[in-house]
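What follows is the content of input.cif (mmCIF, C-alpha atoms).
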```cif
data_structure
loop_
_atom_site.label_atom_id
_atom_site.label_comp_id
_atom_site.auth_asym_id
_atom_site.auth_seq_id
_atom_site.Cartn_x
_atom_site.Cartn_y
_atom_site.Cartn_z
CA MET A 1 -92.68 103.34 -122.66
CA PRO A 2 -91.31 103.37 -126.22
CA ILE A 3 -93.21 101.21 -128.68
CA LEU A 4 -91.65 99.20 -131.47
CA LYS A 5 -93.79 97.92 -134.35
CA LYS A 6 -91.97 95.34 -136.37
CA ALA A 7 -92.24 91.82 -137.82
CA ASN A 8 -95.96 91.53 -136.94
CA TRP A 9 -95.24 92.57 -133.34
CA ARG A 10 -96.06 95.67 -131.33
CA VAL A 11 -93.74 95.73 -128.32
CA GLN A 12 -93.52 98.17 -125.41
CA TYR A 13 -90.14 98.20 -123.70
CA GLU A 14 -88.07 100.19 -121.23
CA LEU A 15 -84.79 100.03 -119.39
CA SER A 16 -85.64 99.95 -115.70
CA ALA A 17 -83.60 101.17 -112.75
CA SER A 18 -82.49 97.75 -111.54
CA SER A 19 -84.34 94.94 -113.28
CA GLY A 20 -83.01 95.39 -116.74
CA LEU A 21 -84.75 95.65 -120.06
CA ARG A 22 -88.42 95.09 -119.28
CA LEU A 23 -91.29 94.60 -121.64
CA GLY A 24 -94.72 96.14 -121.28
CA VAL A 25 -97.73 95.21 -123.37
CA CYS A 26 -96.81 93.10 -126.40
CA GLU A 27 -99.19 92.20 -129.21
CA TYR A 28 -98.77 89.84 -132.12
CA ARG A 29 -100.77 90.82 -135.21
CA GLY A 30 -102.90 93.08 -133.06
CA VAL A 31 -103.73 90.44 -130.43
CA ARG A 32 -102.41 90.61 -126.89
CA VAL A 33 -99.65 88.21 -125.81
CA LEU A 34 -97.88 89.76 -122.83
CA HIS A 35 -98.88 92.26 -120.23
CA ASN A 36 -95.31 92.66 -119.03
CA ALA A 37 -92.13 90.65 -118.53
CA SER A 38 -88.77 91.05 -116.86
CA VAL A 39 -85.80 89.41 -115.21
CA PRO A 40 -86.00 90.93 -111.72
CA PHE A 41 -82.45 90.06 -110.52
CA VAL A 42 -79.76 87.37 -110.61
CA TYR A 43 -78.96 85.32 -107.48
CA VAL A 44 -75.47 83.89 -107.00
CA ASN A 45 -74.40 81.29 -104.45
CA TYR A 46 -71.31 79.18 -103.82
CA GLU A 47 -70.99 75.44 -103.60
CA GLY A 48 -71.17 74.21 -100.02
CA ASP A 49 -72.56 77.56 -98.84
CA SER A 50 -69.07 78.72 -97.97
CA SER A 51 -70.61 82.16 -97.59
CA GLY A 52 -74.04 83.64 -97.99
CA PRO A 53 -75.52 84.32 -101.42
CA PHE A 54 -75.89 87.73 -102.99
CA THR A 55 -77.86 89.27 -105.81
CA ASP A 56 -76.85 91.13 -108.94
CA GLU A 57 -79.13 93.90 -110.10
CA LEU A 58 -79.47 94.18 -113.85
CA LYS A 59 -78.22 97.67 -114.53
CA SER A 60 -76.57 99.24 -117.52
CA LYS A 61 -74.00 102.01 -117.36
CA SER A 62 -74.55 103.00 -120.97
CA GLN A 63 -78.37 102.84 -120.69
CA LYS A 64 -78.35 101.81 -124.31
CA ILE A 65 -80.95 99.54 -125.88
CA GLN A 66 -79.94 98.15 -129.24
CA ILE A 67 -82.60 97.26 -131.78
CA ARG A 68 -81.22 94.75 -134.27
CA GLU A 69 -82.86 93.52 -137.42
CA ILE A 70 -82.28 89.83 -137.85
CA MET A 71 -83.52 87.14 -140.23
CA LEU A 72 -87.34 87.10 -139.98
CA GLY A 73 -87.50 89.21 -136.88
CA PHE A 74 -85.71 91.56 -134.52
CA ASP A 75 -83.86 91.72 -131.21
CA LEU A 76 -83.94 94.15 -128.35
CA ARG A 77 -80.57 93.91 -126.69
CA CYS A 78 -78.92 95.41 -123.63
CA THR A 79 -75.67 94.90 -121.73
CA TYR A 80 -75.79 94.91 -117.94
CA ASP A 81 -72.34 96.20 -117.05
CA PHE A 82 -72.96 98.04 -113.80
CA TYR A 83 -70.67 95.72 -111.82
CA GLY A 84 -67.84 95.79 -114.35
CA GLU A 85 -66.18 93.32 -116.68
CA ASP A 86 -66.17 90.31 -114.34
CA TYR A 87 -69.90 90.30 -113.67
CA GLN A 88 -71.44 91.20 -116.99
CA TYR A 89 -74.68 89.96 -118.51
CA GLU A 90 -76.15 90.42 -121.98
CA HIS A 91 -79.90 90.36 -122.46
CA VAL A 92 -81.60 89.62 -125.76
CA TRP A 93 -85.35 89.72 -126.30
CA ARG A 94 -85.94 88.08 -129.68
CA PHE A 95 -89.14 88.27 -131.72
CA HIS A 96 -89.86 86.44 -134.96
CA GLN A 97 -92.51 87.31 -137.49
CA ASP A 98 -94.22 83.92 -137.06
CA GLY A 99 -94.95 84.67 -133.38
CA GLN A 100 -91.96 82.99 -131.74
CA PHE A 101 -90.26 84.99 -129.03
CA GLY A 102 -87.86 84.51 -126.15
CA SER A 103 -85.81 86.14 -123.43
CA THR A 104 -82.17 85.13 -123.25
CA ILE A 105 -79.52 86.17 -120.75
CA VAL A 106 -75.87 85.53 -121.55
CA ILE A 107 -73.82 85.12 -118.36
CA GLN A 108 -70.32 86.36 -119.07
CA GLY A 109 -68.72 85.80 -115.63
CA PRO A 110 -66.26 84.69 -114.49
CA GLY A 111 -67.29 86.07 -111.09
CA GLU A 112 -65.09 85.48 -108.05
CA GLU A 113 -63.62 82.09 -108.87
CA ILE A 114 -62.74 80.23 -112.04
CA ALA A 115 -63.06 76.61 -110.93
CA GLY A 116 -66.79 76.42 -111.55
CA HIS A 117 -67.99 76.33 -107.96
CA HIS A 118 -70.75 78.92 -108.00
CA THR A 119 -74.21 78.94 -109.52
CA TYR A 120 -76.29 81.63 -111.17
CA HIS A 121 -80.03 81.46 -110.55
CA LEU A 122 -82.06 83.59 -112.96
CA PRO A 123 -85.79 84.16 -112.56
CA PHE A 124 -87.63 85.18 -115.74
CA ARG A 125 -91.10 86.56 -115.02
CA PHE A 126 -93.83 86.67 -117.68
CA ASP A 127 -97.26 88.13 -117.05
CA LEU A 128 -98.91 86.55 -120.07
CA ASP A 129 -102.20 87.92 -121.30
CA ILE A 130 -103.57 85.58 -123.91
CA SER A 131 -107.28 86.19 -123.32
CA GLY A 132 -106.85 89.86 -122.51
CA ALA A 133 -109.43 89.46 -119.76
CA SER A 134 -108.34 87.14 -116.97
CA GLY A 135 -109.42 84.03 -118.84
CA ASP A 136 -106.14 82.16 -119.12
CA SER A 137 -105.29 78.66 -117.93
CA PHE A 138 -101.95 76.94 -117.27
CA GLN A 139 -101.38 73.47 -118.72
CA ARG A 140 -98.47 71.07 -118.83
CA LYS A 141 -97.79 68.41 -121.44
CA ALA A 142 -98.12 64.96 -119.86
CA SER A 143 -95.81 62.06 -120.69
CA ASP A 144 -98.38 60.81 -123.25
CA GLY A 145 -98.11 64.12 -125.09
CA GLN A 146 -101.56 65.36 -124.09
CA TRP A 147 -102.10 68.79 -122.57
CA GLN A 148 -103.41 68.64 -119.02
CA ASP A 149 -104.84 71.37 -116.84
CA THR A 150 -102.80 72.22 -113.78
CA PRO A 151 -105.42 73.14 -111.20
CA LYS A 152 -103.34 75.04 -108.64
CA GLU A 153 -100.29 77.25 -108.39
CA GLY A 154 -96.96 75.51 -108.08
CA ARG A 155 -93.66 74.30 -109.48
CA HIS A 156 -93.02 72.14 -112.54
CA VAL A 157 -89.94 70.72 -114.20
CA PRO A 158 -89.57 69.84 -117.89
CA ILE A 159 -90.05 66.18 -118.78
CA HIS A 160 -89.82 66.28 -122.55
CA ALA A 161 -87.07 66.47 -125.12
CA ALA A 162 -85.45 69.80 -125.80
CA THR A 163 -87.51 70.49 -128.89
CA THR A 164 -90.88 70.01 -127.19
CA ASN A 165 -93.01 72.57 -125.41
CA ASP A 166 -93.58 71.46 -121.83
CA TRP A 167 -96.09 74.07 -120.76
CA ARG A 168 -98.60 76.48 -122.16
CA VAL A 169 -100.90 79.29 -121.11
CA ILE A 170 -104.13 79.01 -123.04
CA ASP A 171 -107.29 81.01 -123.49
CA LYS A 172 -109.70 78.13 -123.93
CA ALA A 173 -112.43 80.40 -125.28
CA SER A 174 -110.40 81.46 -128.31
CA GLY A 175 -107.99 78.52 -128.49
CA ARG A 176 -105.01 80.87 -128.47
CA SER A 177 -101.98 79.84 -126.46
CA ALA A 178 -98.38 80.72 -125.68
CA ASN A 179 -96.33 77.54 -125.52
CA VAL A 180 -93.12 77.41 -123.51
CA ARG A 181 -89.99 75.36 -124.08
CA ALA A 182 -87.15 75.05 -121.58
CA ARG A 183 -83.57 75.40 -122.75
CA PRO A 184 -81.85 72.00 -122.34
CA ARG A 185 -78.99 73.07 -120.04
CA ASP A 186 -80.98 75.50 -117.90
CA ASN A 187 -81.82 73.00 -115.14
CA ALA A 188 -85.08 74.83 -115.47
CA GLU A 189 -88.19 74.95 -113.39
CA MET A 190 -91.47 76.66 -114.14
CA TRP A 191 -93.84 78.22 -111.65
CA ALA A 192 -97.43 79.07 -112.50
CA LEU A 193 -99.11 81.65 -110.27
CA LYS A 194 -102.29 83.61 -110.26
CA TYR A 195 -101.55 87.31 -110.69
CA LYS A 196 -101.32 89.20 -107.39
CA ALA A 197 -100.43 92.84 -107.00
CA ILE A 198 -97.68 92.17 -104.48
CA GLU A 199 -96.11 89.57 -106.76
CA SER A 200 -96.20 92.06 -109.58
CA TRP A 201 -94.51 94.70 -107.43
CA GLY A 202 -91.89 92.11 -106.57
CA SER A 203 -90.86 92.21 -110.20
CA TRP A 204 -88.83 95.30 -109.27
CA GLY A 205 -86.21 92.98 -107.79
CA SER A 206 -87.55 91.55 -104.54
CA ALA A 207 -85.52 88.52 -103.50
CA GLY A 208 -85.47 85.98 -100.69
CA PRO A 209 -82.59 84.39 -98.79
CA GLY A 210 -82.95 81.12 -100.67
CA ALA A 211 -82.28 80.57 -104.35
CA PRO A 212 -85.24 81.40 -106.58
CA GLY A 213 -87.55 78.42 -106.62
CA THR A 214 -86.82 77.37 -103.03
CA PRO A 215 -89.53 77.71 -100.37
CA ASN A 216 -88.20 80.91 -98.79
CA SER A 217 -87.70 82.83 -101.99
CA VAL A 218 -89.53 84.11 -105.02
CA PRO A 219 -91.77 82.99 -106.58
CA ALA A 220 -92.69 80.42 -103.90
CA VAL A 221 -93.47 83.17 -101.37
CA TYR A 222 -96.30 84.29 -103.66
CA ASP A 223 -97.80 80.80 -104.01
CA ASN A 224 -100.88 80.38 -101.83
CA ASN A 225 -102.42 77.47 -103.69
CA GLN A 226 -104.78 79.47 -105.84
CA SER A 227 -106.29 78.23 -109.07
CA VAL A 228 -104.40 78.83 -112.31
CA GLN A 229 -107.42 78.03 -114.46
CA ASN A 230 -109.49 80.71 -116.19
CA THR A 231 -107.70 83.55 -114.44
CA ASP A 232 -104.73 85.94 -114.76
CA VAL A 233 -101.73 83.62 -115.04
CA VAL A 234 -98.15 84.70 -114.37
CA VAL A 235 -95.30 82.29 -115.05
CA TRP A 236 -91.81 82.37 -113.58
CA TYR A 237 -89.18 80.37 -115.44
CA ILE A 238 -86.06 79.82 -113.36
CA ALA A 239 -82.72 78.83 -114.83
CA HIS A 240 -80.03 77.39 -112.54
CA ILE A 241 -76.69 77.71 -114.31
CA PRO A 242 -73.47 76.32 -112.79
CA SER A 243 -70.51 78.59 -113.43
CA VAL A 244 -68.60 75.68 -114.95
CA GLU A 245 -70.80 76.39 -118.00
CA ARG A 246 -68.90 79.62 -118.46
CA VAL A 247 -70.12 82.18 -120.94
CA THR A 248 -73.45 80.55 -121.33
CA ALA A 249 -76.95 81.56 -122.35
CA CYS A 250 -80.20 80.74 -120.62
CA GLY A 251 -83.88 81.53 -120.87
CA PRO A 252 -87.15 80.10 -122.17
CA TRP A 253 -88.53 80.12 -125.68
CA PHE A 254 -92.16 80.73 -126.65
CA THR A 255 -94.28 79.89 -129.66
CA LEU A 256 -97.82 81.08 -130.29
CA SER A 257 -100.76 78.97 -131.42
CA GLY A 258 -104.18 80.07 -132.61
CA TYR A 259 -103.14 83.65 -133.33
CA PRO A 260 -104.04 85.37 -136.61
CA PRO A 261 -102.39 83.66 -139.57
CA VAL A 262 -98.75 84.34 -140.19
CA VAL A 263 -97.90 86.81 -142.88
CA LEU A 264 -94.35 86.00 -143.86
CA ASP A 265 -92.77 88.99 -145.44
CA ASP A 266 -89.11 88.89 -146.28
CA GLU A 267 -89.12 92.62 -146.79
CA ASP A 268 -90.98 93.36 -143.62
CA HIS A 269 -88.55 96.00 -142.50
CA HIS A 270 -89.14 98.13 -145.59
CA HIS A 271 -92.67 99.09 -144.70
CA ASN A 272 -93.59 97.88 -141.25
CA ASP A 273 -91.13 99.74 -139.18
CA ASN A 274 -91.38 103.10 -137.52
CA HIS A 275 -87.99 102.74 -135.80
CA HIS A 276 -85.08 102.75 -138.19
CA HIS A 277 -82.43 103.30 -135.56
CA ASP A 278 -79.97 100.60 -134.67
CA ASP A 279 -79.53 102.08 -131.24
CA HIS A 280 -82.00 103.74 -128.98
CA ASP A 281 -80.66 105.87 -126.16
CA HIS A 282 -82.57 106.54 -122.97
CA MET B 1 -97.21 103.75 -114.98
CA SER B 2 -97.40 106.65 -112.60
CA LYS B 3 -97.30 110.05 -114.21
CA VAL B 4 -96.74 111.80 -110.88
CA GLU B 5 -93.32 112.00 -109.30
CA LEU B 6 -92.70 112.77 -105.64
CA SER B 7 -89.48 113.35 -103.77
CA HIS B 8 -88.42 110.88 -101.07
CA ALA B 9 -89.06 113.56 -98.45
CA VAL B 10 -92.66 113.99 -99.58
CA VAL B 11 -93.16 110.21 -99.78
CA LEU B 12 -91.81 109.88 -96.25
CA LYS B 13 -94.13 112.60 -94.98
CA ILE B 14 -97.14 110.88 -96.53
CA LEU B 15 -96.06 107.50 -95.17
CA LYS B 16 -95.74 108.84 -91.63
CA ARG B 17 -99.37 109.88 -91.62
CA HIS B 18 -100.55 106.30 -92.13
CA PRO B 19 -101.62 104.38 -88.98
CA GLU B 20 -99.58 101.30 -89.90
CA MET B 21 -96.46 103.40 -90.21
CA GLN B 22 -97.26 105.33 -87.03
CA ALA B 23 -97.49 101.98 -85.26
CA ILE B 24 -93.85 101.36 -86.12
CA GLY B 25 -93.19 104.32 -83.85
CA LYS B 26 -89.59 105.19 -83.42
CA ASN B 27 -88.19 102.17 -85.24
CA ARG B 28 -85.39 103.01 -87.62
CA THR B 29 -86.92 102.86 -91.08
CA ARG B 30 -85.83 103.92 -94.52
CA ILE B 31 -87.44 104.17 -97.93
CA VAL B 32 -85.47 101.79 -100.11
CA LEU B 33 -87.60 101.69 -103.24
CA VAL B 34 -89.97 104.02 -105.05
CA ARG B 35 -91.24 102.78 -108.38
CA PRO B 36 -94.28 103.36 -110.52
CA LYS B 37 -96.88 100.69 -109.84
CA PRO B 38 -96.75 98.24 -112.76
CA ALA B 39 -99.91 98.79 -114.76
CA HIS B 40 -102.47 96.04 -114.54
CA ARG B 41 -105.63 95.23 -116.39
CA GLY B 42 -108.49 97.48 -115.36
CA GLU B 43 -106.76 98.94 -112.31
CA PRO B 44 -106.27 102.67 -111.91
CA ASP B 45 -102.54 103.01 -112.27
CA ASP B 46 -101.54 106.35 -113.62
CA SER B 47 -100.90 107.97 -110.26
CA GLN B 48 -99.78 105.20 -107.95
CA LEU B 49 -96.33 104.42 -106.63
CA VAL B 50 -94.99 101.29 -104.99
CA VAL B 51 -92.88 102.23 -101.97
CA GLY B 52 -90.57 99.77 -100.25
CA VAL B 53 -89.71 100.54 -96.64
CA GLN B 54 -87.12 98.71 -94.55
CA ASP B 55 -87.86 98.50 -90.82
CA TYR B 56 -84.36 97.78 -89.54
CA ASP B 57 -85.36 97.36 -85.90
CA ARG B 58 -87.80 94.54 -86.69
CA SER B 59 -85.82 93.26 -89.67
CA ARG B 60 -88.78 93.36 -91.98
CA PRO B 61 -89.54 94.94 -95.31
CA LEU B 62 -92.88 96.70 -95.80
CA ILE B 63 -94.51 97.57 -99.05
CA ALA B 64 -96.86 100.50 -99.45
CA LEU B 65 -99.04 101.60 -102.32
CA LEU B 66 -99.21 105.37 -102.50
CA ASP B 67 -101.61 107.50 -104.48
CA ALA B 68 -99.32 110.28 -105.60
CA LYS B 69 -102.11 112.51 -106.88
CA ALA B 70 -104.19 112.31 -103.72
CA ARG B 71 -101.01 112.19 -101.63
CA LYS B 72 -102.26 109.35 -99.47
CA ILE B 73 -101.40 105.74 -98.71
CA VAL B 74 -103.70 103.17 -100.25
CA SER B 75 -102.27 100.18 -98.36
CA VAL B 76 -99.30 99.03 -96.31
CA GLN B 77 -98.35 95.39 -95.84
CA PRO B 78 -95.32 93.29 -95.00
CA SER B 79 -93.36 92.26 -98.08
CA PRO B 80 -92.65 88.53 -98.33
CA ALA B 81 -89.32 89.26 -100.02
CA SER B 82 -86.44 91.73 -99.54
CA PHE B 83 -85.90 94.75 -101.75
CA GLN B 84 -82.61 95.36 -103.49
CA LEU B 85 -80.32 97.85 -101.77
CA SER B 86 -81.13 101.50 -102.15
CA GLU B 87 -78.42 103.94 -103.20
CA GLU B 88 -78.40 105.32 -99.65
CA GLU B 89 -77.87 101.85 -98.19
CA ARG B 90 -75.12 101.14 -100.69
CA LYS B 91 -73.30 104.31 -99.67
CA GLU B 92 -73.78 103.58 -95.97
CA ALA B 93 -72.39 100.05 -96.39
CA GLU B 94 -69.35 101.39 -98.23
CA SER B 95 -68.79 104.10 -95.67
CA LEU B 96 -68.91 101.61 -92.77
CA THR B 97 -66.57 99.32 -94.69
CA ALA B 98 -64.07 102.10 -95.32
CA GLN B 99 -63.83 102.69 -91.57
CA ASP B 100 -63.22 99.06 -90.64
CA ARG B 101 -59.77 98.33 -89.27
CA ARG B 102 -59.46 94.99 -91.12
CA VAL B 103 -60.38 96.65 -94.38
CA ARG B 104 -57.94 99.50 -93.88
CA ARG B 105 -55.20 97.00 -93.17
CA PHE B 106 -55.97 95.11 -96.39
CA LEU B 107 -56.18 98.20 -98.55
CA GLY B 108 -53.28 100.20 -97.20
CA ARG B 109 -53.18 103.33 -99.33
CA ARG B 110 -55.05 101.77 -102.20
CA ARG B 111 -58.57 102.69 -103.29
CA MET B 112 -61.39 100.42 -102.19
CA ASN B 113 -62.99 100.36 -105.68
CA PRO B 114 -66.12 98.85 -104.10
CA LEU B 115 -69.00 96.91 -105.59
CA THR B 116 -71.93 96.50 -103.25
CA ARG B 117 -74.81 94.05 -103.41
CA LEU B 118 -77.69 92.71 -101.32
CA TYR B 119 -76.40 89.80 -99.22
CA PHE B 120 -78.04 87.01 -97.27
CA PRO B 121 -75.92 85.57 -94.45
CA ARG B 122 -75.66 81.81 -94.12
CA ALA B 123 -78.60 80.26 -92.32
CA SER B 124 -78.04 79.50 -88.67
CA GLY B 125 -79.82 76.24 -87.95
CA ALA B 126 -82.99 75.61 -89.90
CA SER B 127 -84.09 79.18 -90.48
CA PRO B 128 -82.43 81.95 -92.44
CA GLN B 129 -80.69 84.66 -90.46
CA ASN B 130 -82.73 87.82 -89.94
CA GLY B 131 -81.51 91.26 -90.82
CA ARG B 132 -80.55 93.30 -93.80
CA TYR B 133 -77.06 92.88 -95.10
CA ALA B 134 -74.80 94.15 -97.83
CA ILE B 135 -71.65 92.62 -99.22
CA VAL B 136 -68.99 95.10 -100.29
CA PHE B 137 -66.46 93.72 -102.76
CA LEU B 138 -63.07 95.37 -102.18
CA ARG B 139 -61.10 95.52 -105.42
CA PRO B 140 -57.84 97.40 -104.96
CA SER B 141 -56.38 95.67 -108.04
CA ALA B 142 -57.61 93.49 -110.88
CA ASN B 143 -57.11 90.24 -108.99
CA GLU B 144 -57.04 91.07 -105.29
CA ARG B 145 -60.30 90.77 -103.40
CA HIS B 146 -61.68 90.96 -99.89
CA TYR B 147 -65.37 91.10 -99.03
CA ALA B 148 -66.93 93.04 -96.17
CA ILE B 149 -70.25 91.82 -94.82
CA VAL B 150 -72.22 94.77 -93.46
CA ASP B 151 -75.19 94.47 -91.10
CA LEU B 152 -77.26 97.50 -92.08
CA SER B 153 -79.54 97.08 -89.06
CA ALA B 154 -76.66 97.16 -86.57
CA ARG B 155 -74.64 99.52 -88.79
CA LYS B 156 -71.48 97.49 -88.50
CA VAL B 157 -69.15 95.30 -90.49
CA THR B 158 -69.67 91.78 -89.18
CA GLU B 159 -67.06 89.92 -91.23
CA VAL B 160 -64.31 90.55 -93.71
CA LEU B 161 -63.86 87.54 -95.95
CA THR B 162 -60.98 86.54 -98.15
CA ARG B 163 -61.68 85.06 -101.58
CA ARG B 164 -61.30 81.62 -100.06
CA GLY B 165 -63.77 82.58 -97.31
CA LEU B 166 -66.33 83.66 -99.89
CA THR B 167 -65.93 80.96 -102.47
CA GLY B 168 -64.72 78.05 -100.32
CA ARG B 169 -61.78 77.64 -102.72
#
```

Using structure tokens, write down the structure that the file contains.
Amino acid sequence: MPILKKANWRVQYELSASSGLRLGVCEYRGVRVLHNASVPFVYVNYEGDSSGPFTDELKSKSQKIQIREIMLGFDLRCTYDFYGEDYQYEHVWRFHQDGQFGSTIVIQGPGEEIAGHHTYHLPFRFDLDISGASGDSFQRKASDGQWQDTPKEGRHVPIHAATTNDWRVIDKASGRSANVRARPRDNAEMWALKYKAIESWGSWGSAGPGAPGTPNSVPAVYDNNQSVQNTDVVVWYIAHIPSVERVTACGPWFTLSGYPPVVLDDEDHHHNDNHHHDDHDH
Amino acid sequence: MSKVELSHAVVLKILKRHPEMQAIGKNRTRIVLVRPKPAHRGEPDDSQLVVGVQDYDRSRPLIALLDAKARKIVSVQPSPASFQLSEEERKEAESLTAQDRRVRRFLGRRRMNPLTRLYFPRASGASPQNGRYAIVFLRPSANERHYAIVDLSARKVTEVLTRRGLTGR
């Protein structure tokens, strides 16, 4: 996998055969954050189940990954245009020099109808690696604002205002955490799972007949009520986007806590960059 | 990630030696996915491949872990979820669609201009319908559409939907 060192980040990335622009190991200021992350597929269904649902693979004809320098950070960007103009997606992985990062998919549509009667369901999978050694725990922010352990695998929905982190994966030994915020119009849900090999292999695009998040689909089929405390935690963030929200963006946003102090450097790109290309062909 | 690459033919040969795969006997199966095993903490991963196999006769996906260096299967188990269509399945679905009388009538002399995706038929009763299906979008012009539903287990087109049939509008 190519490696990009920029804005205090070291990011492995690759364009996969069918599940888009995937990340491998990512470190912030030399400390592990992610083991890998991807958007395995997109699931589309129609209101009233007039027909069965189908999936879109995230494939790019051009196979081009764009690296863009932005204010206080950088983007990795790819267009998924395999199915043509009517079914296009854009994917942006954004990293900021203070440790914020996120994965955003722009749904271009319009798809097969223009009256807003279908829904896009997008699973975002993150194998976070805060402790680096299977010592992570999943917590949710309770209504009183306190972080609470979530003992077992399962589904959660956001309960806080758009600017608040609802969940976090924390290494209690070091105090480091990755905090997750749902995008307000994502109709989002979050699943916390213990890492399992078969779940990891499913990141290559395995799908179920139901929409992601329902009992007969991913990630629920990998939930067997295991502990998500002091273990390898994988989170699946699922956005459910009605097509009436045409040309819309979705995806979670992360901030880091307890990582090495931020070094803000407005001229970061002048000396901390071994990739000076705007585009990177594969 | 695996540093060893094997052809589908070699993967198939290795798979057939495994007892679990031999137990499938003469079922119609096909390799639908071969990917490097995603690396994981502390696991040996530089020579392993994840292989997805579709057993069409029993309508179930299997997932095998293959050691490409040792050329042997590490494990085989049912997959709780379906794999995306392989290129071979995509071509088969489009070929079956092209032969369908309803499709030929719709297209006339025009090109099919197909787009093919993994499809899940509507549930019948409480449980989802078994099988492995593709949906082939027929796009002879910018705005005209029909959709062929292809049962890849039975190797036949089960339905040809209009836009209204697909979208309900």

Can I get the residues of chain B within 7 Å of chain A, each with the closest pair of atoms and their distance in Å to one decimal, using only C-alpha atoms, sorted chain first then ascending number, as JSON lines?
```
{"residue": "B:Lys37", "atom": "CA", "partner": "A:Trp201", "partner_atom": "CA", "distance": 6.9}
{"residue": "B:Pro38", "atom": "CA", "partner": "A:Trp201", "partner_atom": "CA", "distance": 6.8}
{"residue": "B:Pro80", "atom": "CA", "partner": "A:Val221", "partner_atom": "CA", "distance": 6.2}
{"residue": "B:Ala81", "atom": "CA", "partner": "A:Gly208", "partner_atom": "CA", "distance": 5.1}
{"residue": "B:Ser82", "atom": "CA", "partner": "A:Ser206", "partner_atom": "CA", "distance": 5.1}
{"residue": "B:Phe83", "atom": "CA", "partner": "A:Ser206", "partner_atom": "CA", "distance": 4.6}
{"residue": "B:Gln84", "atom": "CA", "partner": "A:Gly205", "partner_atom": "CA", "distance": 6.1}
{"residue": "B:Leu115", "atom": "CA", "partner": "A:Tyr83", "partner_atom": "CA", "distance": 6.6}
{"residue": "B:Arg117", "atom": "CA", "partner": "A:Thr55", "partner_atom": "CA", "distance": 6.2}
{"residue": "B:Leu118", "atom": "CA", "partner": "A:Phe54", "partner_atom": "CA", "distance": 5.6}
{"residue": "B:Tyr119", "atom": "CA", "partner": "A:Phe54", "partner_atom": "CA", "distance": 4.3}
{"residue": "B:Phe120", "atom": "CA", "partner": "A:Gly52", "partner_atom": "CA", "distance": 5.3}
{"residue": "B:Pro121", "atom": "CA", "partner": "A:Gly52", "partner_atom": "CA", "distance": 4.4}
{"residue": "B:Arg122", "atom": "CA", "partner": "A:Gly52", "partner_atom": "CA", "distance": 4.6}
{"residue": "B:Pro128", "atom": "CA", "partner": "A:Pro209", "partner_atom": "CA", "distance": 6.8}
{"residue": "B:Gly165", "atom": "CA", "partner": "A:Ser50", "partner_atom": "CA", "distance": 6.6}
{"residue": "B:Leu166", "atom": "CA", "partner": "A:Ser51", "partner_atom": "CA", "distance": 5.1}
{"residue": "B:Thr167", "atom": "CA", "partner": "A:Tyr46", "partner_atom": "CA", "distance": 5.8}
{"residue": "B:Gly168", "atom": "CA", "partner": "A:Ser50", "partner_atom": "CA", "distance": 5.0}
```

Original post:
With only C-alpha atoms as the atoms that count, which of A:Gly109, A:Pro184, A:Pro123, A:Pro261 lies nearest to Gly213 (chain A)?
Top reply: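 Under the stated criterion, the closest residue is A:Pro123.
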
**OP:** Can you turn the PyMOL selection byres ((chain A and resi 148-165) around 10) into a concrete residue list for this file, as a PyMOL selection string?
**Re:** chain A and resi 137-143+145-147+166-170+178-185+187-194+213-214+219-220+222-230+233-238+253-255

**OP:** For CA of Glu159 (chain B) and CA of Arg60 (chain B), quote the distance in Å rounded to one decimal.
**Re:**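 Pair CA of Glu159 (chain B) / CA of Arg60 (chain B) returns 22.0 Å.
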
**OP:** For region 245-247 of chain A, list every protein, DNA or RNA residue within 9 Å, evaluated using only C-alpha atoms, and leave out those in the same chain fewer than 2 positions away; present the list as number ranges by chain.
**Re:** A: 106-110, 114, 116, 241-243, 249

Original post:
By how many Å are CA of Ser7 (chain B) and CA of Val74 (chain B) apart?
Top reply: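 Between CA of Ser7 (chain B) and CA of Val74 (chain B) the gap is 17.8 Å.
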